[in-house]
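Peer 1: Just so it is clear, I am handing over structure_24.cif, which has mmCIF, C-alpha atoms.
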data_work
#
loop_
_atom_site.group_PDB
_atom_site.id
_atom_site.type_symbol
_atom_site.label_atom_id
_atom_site.label_comp_id
_atom_site.auth_asym_id
_atom_site.auth_seq_id
_atom_site.Cartn_x
_atom_site.Cartn_y
_atom_site.Cartn_z
ATOM 1 C CA MET Y 1 211.518 90.318 158.782
ATOM 2 C CA ASN Y 2 212.109 93.875 159.919
ATOM 3 C CA ILE Y 3 214.610 96.454 158.693
ATOM 4 C CA TRP Y 4 216.982 95.942 161.643
ATOM 5 C CA THR Y 5 217.339 92.231 160.934
ATOM 6 C CA LEU Y 6 218.084 92.997 157.294
ATOM 7 C CA ALA Y 7 220.660 95.626 158.306
ATOM 8 C CA ILE Y 8 222.410 93.167 160.632
ATOM 9 C CA LEU Y 9 222.516 90.505 157.897
ATOM 10 C CA VAL Y 10 223.926 93.009 155.386
ATOM 11 C CA PHE Y 11 226.551 94.053 157.951
ATOM 12 C CA ILE Y 12 227.575 90.421 158.572
ATOM 13 C CA ILE Y 13 227.738 89.638 154.841
ATOM 14 C CA ASN Y 14 230.067 92.597 154.279
ATOM 15 C CA LEU Y 15 232.532 91.827 157.103
ATOM 16 C CA PRO Y 16 234.643 89.286 155.186
ATOM 17 C CA PHE Y 17 234.508 91.400 152.031
ATOM 18 C CA GLY Y 18 235.734 94.472 153.911
ATOM 19 C CA TYR Y 19 238.478 92.310 155.395
ATOM 20 C CA TRP Y 20 239.468 91.184 151.907
ATOM 21 C CA ARG Y 21 239.221 94.707 150.443
ATOM 22 C CA ALA Y 22 241.531 96.158 153.085
ATOM 23 C CA ASN Y 23 244.298 93.722 152.169
ATOM 24 C CA VAL Y 24 244.441 94.374 148.412
ATOM 25 C CA LYS Y 25 245.666 97.294 146.318
ATOM 26 C CA LYS Y 26 243.141 100.124 146.123
ATOM 27 C CA LEU Y 27 241.228 100.355 142.824
ATOM 28 C CA SER Y 28 242.521 96.943 141.692
ATOM 29 C CA GLN Y 29 240.248 94.242 140.281
ATOM 30 C CA GLN Y 30 240.112 92.446 143.646
ATOM 31 C CA TRP Y 31 239.257 95.721 145.394
ATOM 32 C CA PHE Y 32 236.268 96.261 143.082
ATOM 33 C CA LEU Y 33 235.193 92.637 143.489
ATOM 34 C CA ALA Y 34 235.330 92.900 147.282
ATOM 35 C CA ILE Y 35 232.941 95.838 147.122
ATOM 36 C CA HIS Y 36 230.573 94.556 144.446
ATOM 37 C CA ILE Y 37 230.263 90.800 145.082
ATOM 38 C CA PRO Y 38 227.993 91.333 148.139
ATOM 39 C CA VAL Y 39 225.544 93.494 146.148
ATOM 40 C CA PRO Y 40 223.564 90.584 144.588
ATOM 41 C CA PHE Y 41 223.277 88.999 148.037
ATOM 42 C CA VAL Y 42 221.908 92.235 149.478
ATOM 43 C CA ILE Y 43 219.426 92.518 146.607
ATOM 44 C CA GLY Y 44 218.369 88.918 147.216
ATOM 45 C CA LEU Y 45 217.892 89.619 150.916
ATOM 46 C CA ARG Y 46 215.751 92.665 150.156
ATOM 47 C CA ILE Y 47 213.536 90.582 147.883
ATOM 48 C CA PHE Y 48 213.448 87.576 150.249
ATOM 49 C CA THR Y 49 212.525 89.697 153.278
ATOM 50 C CA GLY Y 50 209.727 91.427 151.401
ATOM 51 C CA LEU Y 51 210.997 94.888 152.311
ATOM 52 C CA GLY Y 52 211.340 95.735 148.643
ATOM 53 C CA TRP Y 53 212.686 99.082 147.514
ATOM 54 C CA ARG Y 54 210.946 101.552 149.807
ATOM 55 C CA ILE Y 55 213.018 104.706 150.098
ATOM 56 C CA ASN Y 56 212.994 104.631 153.904
ATOM 57 C CA THR Y 57 214.945 101.331 153.895
ATOM 58 C CA PHE Y 58 217.901 102.657 151.905
ATOM 59 C CA PRO Y 59 219.713 104.528 154.718
ATOM 60 C CA PHE Y 60 219.686 101.413 156.896
ATOM 61 C CA VAL Y 61 220.827 98.990 154.205
ATOM 62 C CA VAL Y 62 223.439 101.276 152.634
ATOM 63 C CA GLY Y 63 224.716 102.241 156.084
ATOM 64 C CA ALA Y 64 224.991 98.585 157.114
ATOM 65 C CA PHE Y 65 226.775 97.814 153.834
ATOM 66 C CA PHE Y 66 229.468 100.444 154.384
ATOM 67 C CA LEU Y 67 229.757 99.806 158.120
ATOM 68 C CA GLY Y 68 230.316 96.106 157.383
ATOM 69 C CA GLN Y 69 233.055 97.003 154.911
ATOM 70 C CA LEU Y 70 234.625 99.404 157.423
ATOM 71 C CA ALA Y 71 234.401 96.905 160.287
ATOM 72 C CA GLY Y 72 236.068 94.277 158.102
ATOM 73 C CA SER Y 73 238.998 96.593 157.384
ATOM 74 C CA VAL Y 74 239.310 97.481 161.089
ATOM 75 C CA LEU Y 75 239.242 93.767 161.902
ATOM 76 C CA LEU Y 76 242.107 93.175 159.459
ATOM 77 C CA ALA Y 77 244.189 95.951 161.049
ATOM 78 C CA TRP Y 78 243.537 94.506 164.507
ATOM 79 C CA TRP Y 79 244.302 90.994 163.288
ATOM 80 C CA LYS Y 80 247.654 92.079 161.824
ATOM 81 C CA SER Y 81 248.697 93.521 165.182
ATOM 82 C CA TRP Y 82 247.613 90.387 167.063
ATOM 83 C CA ALA Y 83 248.386 87.458 164.752
ATOM 84 C CA ARG Y 84 251.235 85.069 165.350
ATOM 85 C CA ARG Y 85 251.260 83.981 161.726
ATOM 86 C CA GLU Y 86 251.217 85.765 158.387
ATOM 87 C CA VAL Y 87 247.853 87.390 157.667
ATOM 88 C CA SER Y 88 246.119 86.715 154.346
ATOM 89 C CA SER Y 89 243.082 88.310 152.711
ATOM 90 C CA CYS Y 90 240.808 85.446 153.777
ATOM 91 C CA ILE Y 91 239.429 85.674 157.300
ATOM 92 C CA VAL Y 92 238.458 81.980 157.382
ATOM 93 C CA MET Y 93 241.994 80.844 156.566
ATOM 94 C CA ASN Y 94 243.437 83.233 159.140
ATOM 95 C CA VAL Y 95 241.162 81.862 161.858
ATOM 96 C CA LEU Y 96 242.154 78.285 160.990
ATOM 97 C CA ARG Y 97 245.867 79.168 160.975
ATOM 98 C CA GLU Y 98 245.639 80.882 164.352
ATOM 99 C CA LEU Y 99 243.721 77.988 165.870
ATOM 100 C CA LYS Y 100 246.381 75.621 164.606
ATOM 101 C CA ALA Y 101 249.169 77.899 165.895
ATOM 102 C CA HIS Y 102 247.570 77.971 169.346
ATOM 103 C CA GLY Y 103 247.134 74.200 169.377
ATOM 104 C CA THR Y 104 243.344 74.308 169.700
ATOM 105 C CA SER Y 105 242.595 72.767 166.322
ATOM 106 C CA ARG Y 106 240.917 69.369 166.558
ATOM 107 C CA GLY Y 107 241.737 67.546 163.374
ATOM 108 C CA PRO Y 108 241.631 63.803 162.639
ATOM 109 C CA SER Y 109 245.167 63.347 164.021
ATOM 110 C CA ASP Y 110 244.212 65.007 167.342
ATOM 111 C CA VAL Y 111 241.470 62.517 168.215
#
Go ahead and render the structure in this file as structure tokens.
Peer 2:
Amino acid sequence: MNIWTLAILVFIINLPFGYWRANVKKLSQQWFLAIHIPVPFVIGLRIFTGLGWRINTFPFVVGAFFLGQLAGSVLLAWWKSWARREVSSCIVMNVLRELKAHGTSRGPSDV
């Protein structure tokens, strides 16, 4: 796996955590968790991909980490302006609520 694939994966992993972080009080326990929970996953990806700890990989991975966090917070701001329902800190729940609000959810009762 190359460095760009790793950077994209790190970015994607951090999107929901940035979304969560943007919706909690700054410097609270949840805020710190939203920043630090993805770190073991990123370390695991570095080991799994075999890229290791070469110094030239750090700018890409750290940049992708912070860009994912930033993109998640921007996504939350956009979502709040667009949503028809109350917005929570969980992007998955918000997607499900919006699908249900728009009548596109296909649950057991819809079949």
Peer 1: Suppose a student applies the PyMOL selection byres ((chain Y and resi 18) around 10) to this structure; what residues should they get, written as a VMD selection string?
Peer 2: chain Y and resid 13 to 17 19 to 23 31 34 to 35 65 to 76 89
Peer 1: Given the file shown, determine the residues that the PyMOL selection byres ((chain Y and resi 3-8) around 7) selects; report them as an mmCIF file with C-alpha atoms, keeping the file's coordinate frame.
Peer 2:
data_model
loop_
_atom_site.group_PDB
_atom_site.id
_atom_site.type_symbol
_atom_site.label_atom_id
_atom_site.label_comp_id
_atom_site.auth_asym_id
_atom_site.auth_seq_id
_atom_site.Cartn_x
_atom_site.Cartn_y
_atom_site.Cartn_z
ATOM 1 C CA MET Y 1 211.518 90.318 158.782
ATOM 2 C CA ASN Y 2 212.109 93.875 159.919
ATOM 3 C CA LEU Y 9 222.516 90.505 157.897
ATOM 4 C CA VAL Y 10 223.926 93.009 155.386
ATOM 5 C CA PHE Y 11 226.551 94.053 157.951
ATOM 6 C CA ILE Y 12 227.575 90.421 158.572
ATOM 7 C CA THR Y 57 214.945 101.331 153.895
ATOM 8 C CA PHE Y 60 219.686 101.413 156.896
ATOM 9 C CA VAL Y 61 220.827 98.990 154.205
ATOM 10 C CA ALA Y 64 224.991 98.585 157.114
#
Peer 1: Could you check how far atom CA of Gly50 of chain Y sits from atom CA of His36 of chain Y, in Å to one decimal?
Peer 2: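 Going from atom CA of Gly50 of chain Y over to atom CA of His36 of chain Y, I get 22.2 Å.
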Peer 1: Would you compute the distance between atom CA of Gly63 of chain Y and atom CA of Asn94 of chain Y? Give it in Å to one decimal.
Peer 2: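 Atom CA of Asn94 of chain Y lies 26.9 Å from atom CA of Gly63 of chain Y.
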Peer 1: Expressed in Å to a single decimal, how great is the separation between atom CA of Val24 of chain Y and atom CA of Ala101 of chain Y?
Peer 2: 24.5 Å
Peer 1: Using the chain letters and numbers from this file, what does the PyMOL selection byres ((chain Y and resi 84) around 8) select? Give the answer as a ChimeraX atom specification.
Peer 2: /Y:82-83,85-86,98,101
